[in-house]
Amino acid sequence: MRINYHLKDRLIQAFIVGILFIIILAYYQIEISTFPYTNYKMAVALFKKHDAELNESLVLSRVGVLKQYDTVVAALEGMYDTLAIFKKELEATPNATLSEGVSKLEKLLIQKDRLVTEFKRLNPILINATNDFSKVMSEIIESETQADVVERFSIQNYNPEHYEFLNKLNALFRDTLIYTGGTQSEEMYRTLANLILEIKNSPTKVDNINLAIQYAEVILVSKKKINAIEAQILSLRILSALDNLTHLYDHLRLEYNYKTNAYQYLFYILSISLLVIVHFAFKRLQNIVHKLDESNQKLEERVAQRTQDLANKNEDLNKALDDLHDAQDQLIVKEKMASVGMLTTGIAHEIKNPLNFINNFSEMSSTLSLDLKNLIETEKTHLPEALYTELQELSSDIESNCKKIQDYGTRADNIVNSMLQHSKEASVQKENTKIQPLVENAAELAIHSYKTQHPGFDVELQTQFDPTLKEIFIAPQAISQALVLILNNACWAISEHLKANPSLSPLIKITTQRKDNTAVLSFFDNGLGIPEKNLMKVFEPFFTTRPTGFGNTGLGLSICYDIIVKQHKGTFSVTSIEGQHTEFTITLPITHQDAI
Amino acid sequence: MKVIKGLIFFRVFLAALVLGAPAAFSMQLDTRPITPIPPNPTPTTAEQKKIELGRKLFNDKQLSGANNRSCASCHSLKTGGTSFTPPGALRIPPIFNTQYNFKQFWDARSNTLEAAIKTHLLAPDIMSFNPKDSSQNIKLDDIVSALTAYVKTLNTPNSRFDQYLLGNKQALTETEKKGYALFQSYGCISCHQGRLIGGNILQKYGIYNDYFKTKTQLKNFDLGYYNVTKNLNDRFAFKVPSLRNVALTGPYLHDSSLNNLESVVESMAFYQLGRPILKDDVTLIVQFLHTLTGEIPKQ
């Protein structure tokens, strides 16, 4: 069975409380609860003392040394008071055996009290009777002895009976006094009783003899009673009862001591075990605190880790936000380009038709003006000189006007055609194309064409092709057109730069690189560079820094953008440092799937 | 066995004879037959209050069932701590010095003063006090305790005889001294001894002559200590009364039968000593008895 920890703790608590309780109990038994009958030794001693005093007082009273009974009363009262001590202690702590012993003692004491009361009643009678008897007898004997002396002188009056009577009286006097002196002989009692009877029955009478006999009888009876009482008092074994009681108390005392010792051992053992338990409990507590500390530390570490993670995430998020901002910028640019593209296409369509008329009719007018000139030459003769000259001048003017219309119309037509390419591009068919020849052809075409137009221009071309990049899924004509446009711009920038810095060694560097599933093409030139403020504008249509004319429409890069970004879902970006170099970077998805 | 007991007693007896007097001194026993009444101890404040309460209760008629008598009604301090009883009625013992009596009442039925007071209060023929009538605040035991404290102060020390005992030989006249000598030689002293000149033993009334034979009608109280023990030997045994203030406390004897001290002395000689006494000796003894009147406590 599994005990849950809570219950276990409770049990341990209860166990400790139990031990504490027992310790307190044991302590109570050892220190606080004393032996309940502490006074017994004193009480026994007191009782013995009072008993001894009582006995002594009785003996002294008996012989007449002590003439009063206050001491007897005091001794008895002392014994009763002492008995009350026993009883009081017993009442507080009852004990059957002790009660028996004490009640035995009490019975003996009450018996002794009764006997002493009887003794106190008889003793004065005996003492008075003895005194009176002595007095009366001495008076009798004195007077009778005097009579006897008188009689001895008159022989005839001599009475032997009277003489014998006197002897008997003497014997009575002597024997009674001896008897009162302490002898307890039954024989003497009988002799005396007989003697009293004889004297009573004797015909001879003397004065006061009845009184003497009365006292003698009282002496005899009370002495006998007192003897009996003394014998009874002696037979009361108060001391042995006390010894017995002491023995009982001693036994209890021993038992108590034994118990106290046992409790003392229990106390020590439990105290030590409690200490041990507390020690282990403390250790356990220490362990728990230690573990808590550890887990706390771990928790802190985890929190720090989490905080770090969060910070990282936050950073990522910030980065993402930045990316998002970039994307947004790009999107804005894209949208702008798209709308501008749409607009230019629309305008181009609308302008194309009138332009066709302008171009066609100007061409026709040019032809017609030529015809007119020829006619004038032919009719020279028929014409006055002045008119002729004037006509010739006019026809020349028309011719030159037509020529100009033709030139600018052609230019406008070029612009419109370029513009129209925006709409045309969507229909360009994509196919897997080897990139290296495409790039080489475009470079050759662009640079050669620029050289032809600008004699004396030369540029070094460096190429670096990634061998892993072979075919990509593109529309080759469109991409080729874009590359030509970019390189044409590069050539122009270099030639402009050369004007400012003739010592420059012109360089165009083309690299291709495969990056995951995209092809990265970069076009580097150490031309004039683009000012930073214009970097964002270069892809806008009609934005140009080149002088107008010379086939420049300001749509080149715009068209490139359409081709790369819109048609091929690639990216087109530029980095440049003004006066040093410019680098256009194109990324194109390689595979068909990616292209879609 | 009996022989041995006899031997033991004989030895004790011999020892007592030889060592008696010195032993008595060693025990600090007073070998004088009569000792003086000790002076009252000075009470503490608490005791004084208790005593004062006892004094009020002692004089309070509400303590009796019929609200018609107080302790002082019978034990008047003005009349020797007792009061008149007609001949044949149980004599009211004086209240003075009563704490020194070894037992209380004529028949010694109470062992202590407290018990005696309680018995007085509850006895239907004395106070017939009903504890249930009293206010709940006052318990019977408290009343008894207060009364006991008060009664213990009712002592009569410093009588002329006590002064004589304490060494003032001039306190008694020559005739009174003769009276004391006669009191001793006649044997009165055998029973009337100790501090109270009585009050510490029981004695049968009528040792040599039967007093109760002459009485026409025996009353229950005439049986004396028998009423306590129901032992025939104890018939007609009474506590020997104290002779202190005896000149004030007549009529005398347990049945109030005698009115003057002379007749009492004669009666005692006849019934208790068994012999006639000379008229002159009676006069001297009565003169001595008058010296036993001490200082009566004031109300």
# chains A, B, ... in the order shown; residues from 1 in each chain; ligands from 1

$ closest_atom_pairs --of "chain B" --to "chain A" --cutoff "6 Å" --atoms "only C-alpha atoms" --output "CSV"
residue,atom,partner,partner_atom,distance
B:Thr31,CA,A:Leu66,CA,5.1
B:Pro33,CA,A:Lys67,CA,4.7
B:Gly187,CA,A:Asn128,CA,5.5
B:Ser190,CA,A:Pro124,CA,4.9
B:Gln193,CA,A:Gln68,CA,5.2
B:Gly194,CA,A:Gln68,CA,5.1
B:Ile201,CA,A:Lys120,CA,5.9
B:Leu202,CA,A:Arg121,CA,5.6
B:Gln203,CA,A:Arg121,CA,5.1

$ write_last_selection --atoms "all heavy atoms" --output "PDB file, in the first residue's frame"
ATOM      1  N   THR B  31       4.134  18.243  86.978  1.00  0.00           N
ATOM      2  CA  THR B  31       3.686  17.273  87.990  1.00  0.00           C
ATOM      3  C   THR B  31       2.742  17.911  89.007  1.00  0.00           C
ATOM      4  O   THR B  31       2.225  17.227  89.874  1.00  0.00           O
ATOM      5  CB  THR B  31       4.888  16.676  88.744  1.00  0.00           C
ATOM      6  OG1 THR B  31       5.685  17.745  89.233  1.00  0.00           O
ATOM      7  CG2 THR B  31       5.707  15.807  87.819  1.00  0.00           C
ATOM      8  N   PRO B  33      -0.686  19.145  90.374  1.00  0.00           N
ATOM      9  CA  PRO B  33      -2.037  18.632  90.050  1.00  0.00           C
ATOM     10  C   PRO B  33      -2.848  19.661  89.261  1.00  0.00           C
ATOM     11  O   PRO B  33      -3.686  19.297  88.459  1.00  0.00           O
ATOM     12  CB  PRO B  33      -2.662  18.359  91.405  1.00  0.00           C
ATOM     13  CG  PRO B  33      -1.866  19.144  92.387  1.00  0.00           C
ATOM     14  CD  PRO B  33      -0.480  19.247  91.849  1.00  0.00           C
ATOM     15  N   GLY B 187      -8.915  14.365  98.683  1.00  0.00           N
ATOM     16  CA  GLY B 187      -8.897  13.560  97.448  1.00  0.00           C
ATOM     17  C   GLY B 187      -9.716  14.156  96.318  1.00  0.00           C
ATOM     18  O   GLY B 187      -9.851  13.541  95.257  1.00  0.00           O
ATOM     19  N   SER B 190      -7.965  14.316  93.084  1.00  0.00           N
ATOM     20  CA  SER B 190      -7.783  13.131  92.233  1.00  0.00           C
ATOM     21  C   SER B 190      -8.576  13.251  90.932  1.00  0.00           C
ATOM     22  O   SER B 190      -8.136  12.766  89.889  1.00  0.00           O
ATOM     23  CB  SER B 190      -8.220  11.870  92.970  1.00  0.00           C
ATOM     24  OG  SER B 190      -7.364  11.642  94.050  1.00  0.00           O
ATOM     25  N   GLN B 193      -8.470  18.007  88.622  1.00  0.00           N
ATOM     26  CA  GLN B 193      -7.067  18.355  88.463  1.00  0.00           C
ATOM     27  C   GLN B 193      -6.854  18.921  87.067  1.00  0.00           C
ATOM     28  O   GLN B 193      -7.792  19.062  86.289  1.00  0.00           O
ATOM     29  CB  GLN B 193      -6.168  17.138  88.726  1.00  0.00           C
ATOM     30  CG  GLN B 193      -6.736  15.785  88.301  1.00  0.00           C
ATOM     31  CD  GLN B 193      -6.923  15.678  86.809  1.00  0.00           C
ATOM     32  OE1 GLN B 193      -6.074  16.082  86.035  1.00  0.00           O
ATOM     33  NE2 GLN B 193      -8.057  15.172  86.404  1.00  0.00           N
ATOM     34  N   GLY B 194      -5.629  19.235  86.804  1.00  0.00           N
ATOM     35  CA  GLY B 194      -5.295  19.749  85.472  1.00  0.00           C
ATOM     36  C   GLY B 194      -5.631  21.223  85.343  1.00  0.00           C
ATOM     37  O   GLY B 194      -5.959  21.893  86.301  1.00  0.00           O
ATOM     38  N   ILE B 201     -11.387  14.011  82.657  1.00  0.00           N
ATOM     39  CA  ILE B 201     -11.701  12.582  82.841  1.00  0.00           C
ATOM     40  C   ILE B 201     -13.209  12.419  82.993  1.00  0.00           C
ATOM     41  O   ILE B 201     -13.954  13.395  83.153  1.00  0.00           O
ATOM     42  CB  ILE B 201     -11.004  11.980  84.103  1.00  0.00           C
ATOM     43  CG1 ILE B 201     -11.519  12.648  85.371  1.00  0.00           C
ATOM     44  CG2 ILE B 201      -9.489  12.113  84.003  1.00  0.00           C
ATOM     45  CD1 ILE B 201     -11.060  11.920  86.629  1.00  0.00           C
ATOM     46  N   LEU B 202     -13.631  11.175  82.926  1.00  0.00           N
ATOM     47  CA  LEU B 202     -15.022  10.840  83.237  1.00  0.00           C
ATOM     48  C   LEU B 202     -15.033  10.198  84.629  1.00  0.00           C
ATOM     49  O   LEU B 202     -14.061   9.575  85.033  1.00  0.00           O
ATOM     50  CB  LEU B 202     -15.563   9.840  82.228  1.00  0.00           C
ATOM     51  CG  LEU B 202     -15.650  10.297  80.770  1.00  0.00           C
ATOM     52  CD1 LEU B 202     -16.017   9.116  79.885  1.00  0.00           C
ATOM     53  CD2 LEU B 202     -16.676  11.409  80.622  1.00  0.00           C
ATOM     54  N   GLN B 203     -16.121  10.397  85.333  1.00  0.00           N
ATOM     55  CA  GLN B 203     -16.220   9.698  86.620  1.00  0.00           C
ATOM     56  C   GLN B 203     -17.677   9.335  86.894  1.00  0.00           C
ATOM     57  O   GLN B 203     -18.579  10.066  86.512  1.00  0.00           O
ATOM     58  CB  GLN B 203     -15.679  10.598  87.753  1.00  0.00           C
ATOM     59  CG  GLN B 203     -15.480   9.888  89.062  1.00  0.00           C
ATOM     60  CD  GLN B 203     -14.644   8.622  88.942  1.00  0.00           C
ATOM     61  OE1 GLN B 203     -15.169   7.533  88.635  1.00  0.00           O
ATOM     62  NE2 GLN B 203     -13.319   8.749  89.124  1.00  0.00           N
TER      63      GLN B 203
END

$ select_by_dssp --residues "region 315-527 of chain A" --states "helix (DSSP H, G or I)" --output "PyMOL selection string"
chain A and resi 315-378+385-427+435-453+476-500

$ residues_around --residues "region 267-273 of chain B" --least-positions-apart "6" --cutoff "7 Å" --atoms "only C-alpha atoms" --output "list in words"
Tyr205, Gly206, Ile207, Tyr208, Asn209 and Tyr211 of chain B

$ residues_around --residues "region 240-255 of chain B" --least-positions-apart "4" --cutoff "9 Å" --atoms "only C-alpha atoms" --output "ChimeraX atom specification"
/B:79-94,96-98,101,106,156,159,191-193,195-204,221-222,259-261,264,286,289-294,296

$ write_last_selection --atoms "N, CA and C atoms" --output "tab-separated table (two decimals), in the first residue's frame"
chain	number	residue	atom	x	y	z
B	79	THR	N	-23.25	35.84	83.57
B	79	THR	CA	-23.58	34.90	84.64
B	79	THR	C	-22.70	33.67	84.56
B	80	GLY	N	-21.40	33.92	84.43
B	80	GLY	CA	-20.44	32.82	84.49
B	80	GLY	C	-20.45	31.93	83.28
B	81	GLY	N	-20.98	32.43	82.13
B	81	GLY	CA	-20.99	31.63	80.92
B	81	GLY	C	-22.08	30.57	80.93
B	82	THR	N	-23.02	30.72	81.86
B	82	THR	CA	-24.13	29.78	81.93
B	82	THR	C	-25.36	30.59	82.35
B	83	SER	N	-26.44	29.90	82.63
B	83	SER	CA	-27.60	30.63	83.13
B	83	SER	C	-28.42	29.68	84.00
B	84	PHE	N	-29.43	30.22	84.58
B	84	PHE	CA	-30.19	29.43	85.56
B	84	PHE	C	-30.91	28.26	84.91
B	85	THR	N	-30.84	27.12	85.64
B	85	THR	CA	-31.68	25.99	85.24
B	85	THR	C	-32.41	25.51	86.49
B	86	PRO	N	-33.67	25.12	86.39
B	86	PRO	CA	-34.41	24.68	87.57
B	86	PRO	C	-33.90	23.32	88.05
B	87	PRO	N	-34.07	23.01	89.31
B	87	PRO	CA	-33.63	21.71	89.82
B	87	PRO	C	-34.25	20.57	89.03
B	88	GLY	N	-33.40	19.58	88.74
B	88	GLY	CA	-33.89	18.43	87.97
B	88	GLY	C	-33.63	18.56	86.48
B	89	ALA	N	-33.36	19.79	86.02
B	89	ALA	CA	-33.06	19.97	84.59
B	89	ALA	C	-31.55	19.81	84.37
B	90	LEU	N	-31.18	19.42	83.14
B	90	LEU	CA	-29.77	19.25	82.83
B	90	LEU	C	-29.07	20.60	82.97
B	91	ARG	N	-27.99	20.59	83.75
B	91	ARG	CA	-27.28	21.85	84.03
B	91	ARG	C	-26.55	22.31	82.77
B	92	ILE	N	-26.70	23.63	82.48
B	92	ILE	CA	-25.97	24.19	81.34
B	92	ILE	C	-24.52	24.39	81.75
B	93	PRO	N	-23.59	23.72	81.07
B	93	PRO	CA	-22.18	23.91	81.45
B	93	PRO	C	-21.71	25.29	81.04
B	94	PRO	N	-20.85	25.93	81.83
B	94	PRO	CA	-20.35	27.26	81.47
B	94	PRO	C	-19.53	27.21	80.18
B	96	PHE	N	-17.05	29.17	79.49
B	96	PHE	CA	-15.66	29.62	79.68
B	96	PHE	C	-14.68	28.45	79.68
B	97	ASN	N	-13.54	28.69	79.10
B	97	ASN	CA	-12.41	27.73	79.08
B	97	ASN	C	-12.79	26.39	78.46
B	98	THR	N	-13.92	26.38	77.76
B	98	THR	CA	-14.44	25.07	77.38
B	98	THR	C	-13.55	24.37	76.36
B	101	ASN	N	-11.63	21.42	77.75
B	101	ASN	CA	-12.29	20.16	78.10
B	101	ASN	C	-11.84	19.07	77.13
B	106	TRP	N	-21.90	17.00	79.17
B	106	TRP	CA	-21.80	16.22	80.42
B	106	TRP	C	-21.45	14.77	80.11
B	156	THR	N	-10.89	32.41	81.09
B	156	THR	CA	-10.86	33.22	82.34
B	156	THR	C	-9.51	33.04	83.03
B	159	SER	N	-6.90	33.99	87.59
B	159	SER	CA	-7.63	33.91	88.86
B	159	SER	C	-6.61	34.05	90.00
B	191	CYS	N	-9.75	13.85	91.03
B	191	CYS	CA	-10.55	14.01	89.80
B	191	CYS	C	-10.50	15.45	89.30
B	192	HIS	N	-10.58	16.40	90.21
B	192	HIS	CA	-10.55	17.80	89.79
B	192	HIS	C	-9.10	18.26	89.73
B	193	GLN	N	-8.47	18.01	88.62
B	193	GLN	CA	-7.07	18.35	88.46
B	193	GLN	C	-6.85	18.92	87.07
B	195	ARG	N	-5.55	21.68	84.12
B	195	ARG	CA	-5.73	23.08	83.83
B	195	ARG	C	-7.11	23.58	84.24
B	196	LEU	N	-8.12	22.72	83.98
B	196	LEU	CA	-9.49	23.14	84.25
B	196	LEU	C	-9.96	22.76	85.64
B	197	ILE	N	-9.09	22.06	86.40
B	197	ILE	CA	-9.51	21.52	87.69
B	197	ILE	C	-10.75	20.66	87.45
B	198	GLY	N	-10.56	19.71	86.56
B	198	GLY	CA	-11.65	18.86	86.07
B	198	GLY	C	-11.62	18.92	84.55
B	199	GLY	N	-12.63	18.33	83.95
B	199	GLY	CA	-12.78	18.46	82.51
B	199	GLY	C	-11.86	17.59	81.69
B	200	ASN	N	-11.10	16.70	82.29
B	200	ASN	CA	-10.26	15.85	81.47
B	200	ASN	C	-10.44	14.37	81.76
B	201	ILE	N	-11.39	14.01	82.66
B	201	ILE	CA	-11.70	12.58	82.84
B	201	ILE	C	-13.21	12.42	82.99
B	202	LEU	N	-13.63	11.18	82.93
B	202	LEU	CA	-15.02	10.84	83.24
B	202	LEU	C	-15.03	10.20	84.63
B	203	GLN	N	-16.12	10.40	85.33
B	203	GLN	CA	-16.22	9.70	86.62
B	203	GLN	C	-17.68	9.33	86.89
B	204	LYS	N	-17.82	8.19	87.51
B	204	LYS	CA	-19.17	7.78	87.88
B	204	LYS	C	-19.62	8.61	89.07
B	221	PHE	N	-30.81	11.76	80.61
B	221	PHE	CA	-29.47	12.32	80.75
B	221	PHE	C	-28.76	11.84	82.01
B	222	ASP	N	-29.53	11.29	82.94
B	222	ASP	CA	-28.91	10.75	84.15
B	222	ASP	C	-28.00	9.56	83.84
B	259	ASN	N	-27.89	24.13	95.21
B	259	ASN	CA	-27.79	25.55	94.95
B	259	ASN	C	-26.55	26.21	95.53
B	260	ASN	N	-25.97	25.60	96.57
B	260	ASN	CA	-24.78	26.25	97.13
B	260	ASN	C	-23.60	25.29	97.17
B	261	LEU	N	-22.41	25.87	97.24
B	261	LEU	CA	-21.19	25.10	97.13
B	261	LEU	C	-20.99	24.18	98.33
B	264	VAL	N	-22.69	21.06	97.82
B	264	VAL	CA	-22.04	20.29	96.77
B	264	VAL	C	-20.82	19.57	97.35
B	286	VAL	N	-14.73	25.61	100.42
B	286	VAL	CA	-15.54	26.56	99.62
B	286	VAL	C	-14.80	27.89	99.47
B	289	LEU	N	-12.47	27.38	96.79
B	289	LEU	CA	-13.14	27.34	95.48
B	289	LEU	C	-13.41	28.75	94.94
B	290	HIS	N	-13.65	29.69	95.86
B	290	HIS	CA	-13.90	31.06	95.41
B	290	HIS	C	-12.67	31.71	94.78
B	291	THR	N	-11.48	31.18	95.10
B	291	THR	CA	-10.28	31.76	94.50
B	291	THR	C	-10.10	31.35	93.03
B	292	LEU	N	-10.98	30.45	92.56
B	292	LEU	CA	-10.83	29.93	91.19
B	292	LEU	C	-11.53	30.81	90.14
B	293	THR	N	-12.15	31.90	90.63
B	293	THR	CA	-12.83	32.79	89.69
B	293	THR	C	-11.80	33.68	88.98
B	294	GLY	N	-11.77	33.56	87.64
B	294	GLY	CA	-10.77	34.32	86.87
B	294	GLY	C	-11.35	35.59	86.28
B	296	ILE	N	-13.33	37.48	83.86
B	296	ILE	CA	-14.42	37.12	82.95
B	296	ILE	C	-14.31	38.00	81.69

$ atom_distance --atom1 "CA of Ile405 (chain A)" --atom2 "CA of Ser366 (chain A)"
9.3 Å

$ residues_around --residues "region 41-56 of chain B" --least-positions-apart "2" --cutoff "10 Å" --atoms "only C-alpha atoms" --output "list in words"
Pro38, Pro39, Phe58, Asn59, Asp60, Lys61, Ser70, Cys71, Ala72, Asp142, Ile143, Val144, Ser145, Ala146, Leu147, Thr148, Ala149, Tyr150, Val151, Lys152, Thr153 and Gln299 of chain B

$ residues_around --residues "Asn360 (chain A)" --least-positions-apart "6" --cutoff "10 Å" --atoms "only C-alpha atoms" --output "VMD selection string"
chain A and resid 354 366 406 409

$ write_last_selection --atoms "N, CA, C and O atoms" --output "PDB file, in the first residue's frame"
ATOM      1  N   PRO A 354      -2.278  58.049 -85.173  1.00  0.00           N
ATOM      2  CA  PRO A 354      -1.993  59.363 -85.758  1.00  0.00           C
ATOM      3  C   PRO A 354      -0.550  59.487 -86.250  1.00  0.00           C
ATOM      4  O   PRO A 354      -0.293  60.103 -87.291  1.00  0.00           O
ATOM      5  N   SER A 366       7.421  64.355 -98.690  1.00  0.00           N
ATOM      6  CA  SER A 366       8.834  64.417 -99.041  1.00  0.00           C
ATOM      7  C   SER A 366       9.030  64.009-100.495  1.00  0.00           C
ATOM      8  O   SER A 366       9.749  64.678-101.263  1.00  0.00           O
ATOM      9  N   GLN A 406       9.597  63.761 -90.847  1.00  0.00           N
ATOM     10  CA  GLN A 406       9.897  62.339 -90.978  1.00  0.00           C
ATOM     11  C   GLN A 406      10.791  61.880 -89.810  1.00  0.00           C
ATOM     12  O   GLN A 406      10.541  60.866 -89.180  1.00  0.00           O
ATOM     13  N   GLY A 409       8.976  62.087 -86.490  1.00  0.00           N
ATOM     14  CA  GLY A 409       7.897  61.077 -86.505  1.00  0.00           C
ATOM     15  C   GLY A 409       8.478  59.707 -86.254  1.00  0.00           C
ATOM     16  O   GLY A 409       7.932  58.924 -85.474  1.00  0.00           O
TER      17      GLY A 409
END

$ atom_distance --atom1 "CA of Gln13 (chain A)" --atom2 "CA of Lys259 (chain A)"
28.4 Å

$ residues_around --residues "Thr512 (chain A)" --least-positions-apart "6" --cutoff "6 Å" --atoms "only C-alpha atoms" --output "PyMOL selection string"
chain A and resi 465-466+520-521

$ write_last_selection --atoms "N, CA and C atoms" --output "PDB file, in the first residue's frame"
ATOM      1  N   PHE A 465      31.510  32.670 -65.802  1.00  0.00           N
ATOM      2  CA  PHE A 465      30.284  31.869 -65.849  1.00  0.00           C
ATOM      3  C   PHE A 465      30.341  30.726 -64.876  1.00  0.00           C
ATOM      4  N   ASP A 466      29.327  30.534 -64.141  1.00  0.00           N
ATOM      5  CA  ASP A 466      29.206  29.396 -63.199  1.00  0.00           C
ATOM      6  C   ASP A 466      28.944  28.151 -64.016  1.00  0.00           C
ATOM      7  N   VAL A 520      21.828  33.917 -60.770  1.00  0.00           N
ATOM      8  CA  VAL A 520      22.103  35.308 -60.458  1.00  0.00           C
ATOM      9  C   VAL A 520      23.058  35.848 -61.527  1.00  0.00           C
ATOM     10  N   LEU A 521      22.601  36.873 -62.237  1.00  0.00           N
ATOM     11  CA  LEU A 521      23.468  37.477 -63.250  1.00  0.00           C
ATOM     12  C   LEU A 521      23.789  38.870 -62.768  1.00  0.00           C
TER      13      LEU A 521
END

$ atom_distance --atom1 "CA of Glu390 (chain A)" --atom2 "CA of Met364 (chain A)"
22.4 Å

$ closest_residue --among "A:Tyr561, A:Phe282, A:Tyr408, A:Phe524" --to "Gln580 (chain A)" --atoms "only C-alpha atoms"
A:Phe524

$ select_by_dssp --residues "region 112-256 of chain B" --states "strand (DSSP E)" --output "PDB file with all heavy atoms, in the first residue's frame"
ATOM      1  N   LEU B 202     -13.631  11.175  82.926  1.00  0.00           N
ATOM      2  CA  LEU B 202     -15.022  10.840  83.237  1.00  0.00           C
ATOM      3  C   LEU B 202     -15.033  10.198  84.629  1.00  0.00           C
ATOM      4  O   LEU B 202     -14.061   9.575  85.033  1.00  0.00           O
ATOM      5  CB  LEU B 202     -15.563   9.840  82.228  1.00  0.00           C
ATOM      6  CG  LEU B 202     -15.650  10.297  80.770  1.00  0.00           C
ATOM      7  CD1 LEU B 202     -16.017   9.116  79.885  1.00  0.00           C
ATOM      8  CD2 LEU B 202     -16.676  11.409  80.622  1.00  0.00           C
ATOM      9  N   GLN B 203     -16.121  10.397  85.333  1.00  0.00           N
ATOM     10  CA  GLN B 203     -16.220   9.698  86.620  1.00  0.00           C
ATOM     11  C   GLN B 203     -17.677   9.335  86.894  1.00  0.00           C
ATOM     12  O   GLN B 203     -18.579  10.066  86.512  1.00  0.00           O
ATOM     13  CB  GLN B 203     -15.679  10.598  87.753  1.00  0.00           C
ATOM     14  CG  GLN B 203     -15.480   9.888  89.062  1.00  0.00           C
ATOM     15  CD  GLN B 203     -14.644   8.622  88.942  1.00  0.00           C
ATOM     16  OE1 GLN B 203     -15.169   7.533  88.635  1.00  0.00           O
ATOM     17  NE2 GLN B 203     -13.319   8.749  89.124  1.00  0.00           N
ATOM     18  N   LYS B 204     -17.822   8.191  87.505  1.00  0.00           N
ATOM     19  CA  LYS B 204     -19.170   7.781  87.876  1.00  0.00           C
ATOM     20  C   LYS B 204     -19.622   8.608  89.070  1.00  0.00           C
ATOM     21  O   LYS B 204     -18.847   8.820  90.013  1.00  0.00           O
ATOM     22  CB  LYS B 204     -19.147   6.295  88.235  1.00  0.00           C
ATOM     23  CG  LYS B 204     -20.502   5.703  88.454  1.00  0.00           C
ATOM     24  CD  LYS B 204     -20.385   4.205  88.759  1.00  0.00           C
ATOM     25  CE  LYS B 204     -21.753   3.634  89.068  1.00  0.00           C
ATOM     26  NZ  LYS B 204     -21.655   2.219  89.417  1.00  0.00           N
ATOM     27  N   ALA B 237     -21.825   7.747  84.536  1.00  0.00           N
ATOM     28  CA  ALA B 237     -20.497   8.361  84.432  1.00  0.00           C
ATOM     29  C   ALA B 237     -20.637   9.675  83.681  1.00  0.00           C
ATOM     30  O   ALA B 237     -21.278   9.731  82.634  1.00  0.00           O
ATOM     31  CB  ALA B 237     -19.534   7.437  83.692  1.00  0.00           C
ATOM     32  N   PHE B 238     -20.078  10.736  84.247  1.00  0.00           N
ATOM     33  CA  PHE B 238     -20.143  12.056  83.635  1.00  0.00           C
ATOM     34  C   PHE B 238     -18.738  12.622  83.514  1.00  0.00           C
ATOM     35  O   PHE B 238     -17.821  12.179  84.216  1.00  0.00           O
ATOM     36  CB  PHE B 238     -20.996  13.009  84.481  1.00  0.00           C
ATOM     37  CG  PHE B 238     -22.425  12.559  84.612  1.00  0.00           C
ATOM     38  CD1 PHE B 238     -22.823  11.789  85.701  1.00  0.00           C
ATOM     39  CD2 PHE B 238     -23.364  12.900  83.651  1.00  0.00           C
ATOM     40  CE1 PHE B 238     -24.131  11.353  85.819  1.00  0.00           C
ATOM     41  CE2 PHE B 238     -24.668  12.479  83.781  1.00  0.00           C
ATOM     42  CZ  PHE B 238     -25.056  11.698  84.868  1.00  0.00           C
ATOM     43  N   LYS B 239     -18.643  13.600  82.629  1.00  0.00           N
ATOM     44  CA  LYS B 239     -17.383  14.330  82.577  1.00  0.00           C
ATOM     45  C   LYS B 239     -17.252  15.083  83.889  1.00  0.00           C
ATOM     46  O   LYS B 239     -18.198  15.744  84.326  1.00  0.00           O
ATOM     47  CB  LYS B 239     -17.408  15.311  81.397  1.00  0.00           C
ATOM     48  CG  LYS B 239     -16.106  16.062  81.216  1.00  0.00           C
ATOM     49  CD  LYS B 239     -16.182  16.994  80.029  1.00  0.00           C
ATOM     50  CE  LYS B 239     -17.107  18.155  80.339  1.00  0.00           C
ATOM     51  NZ  LYS B 239     -17.283  19.067  79.220  1.00  0.00           N
TER      52      LYS B 239
END
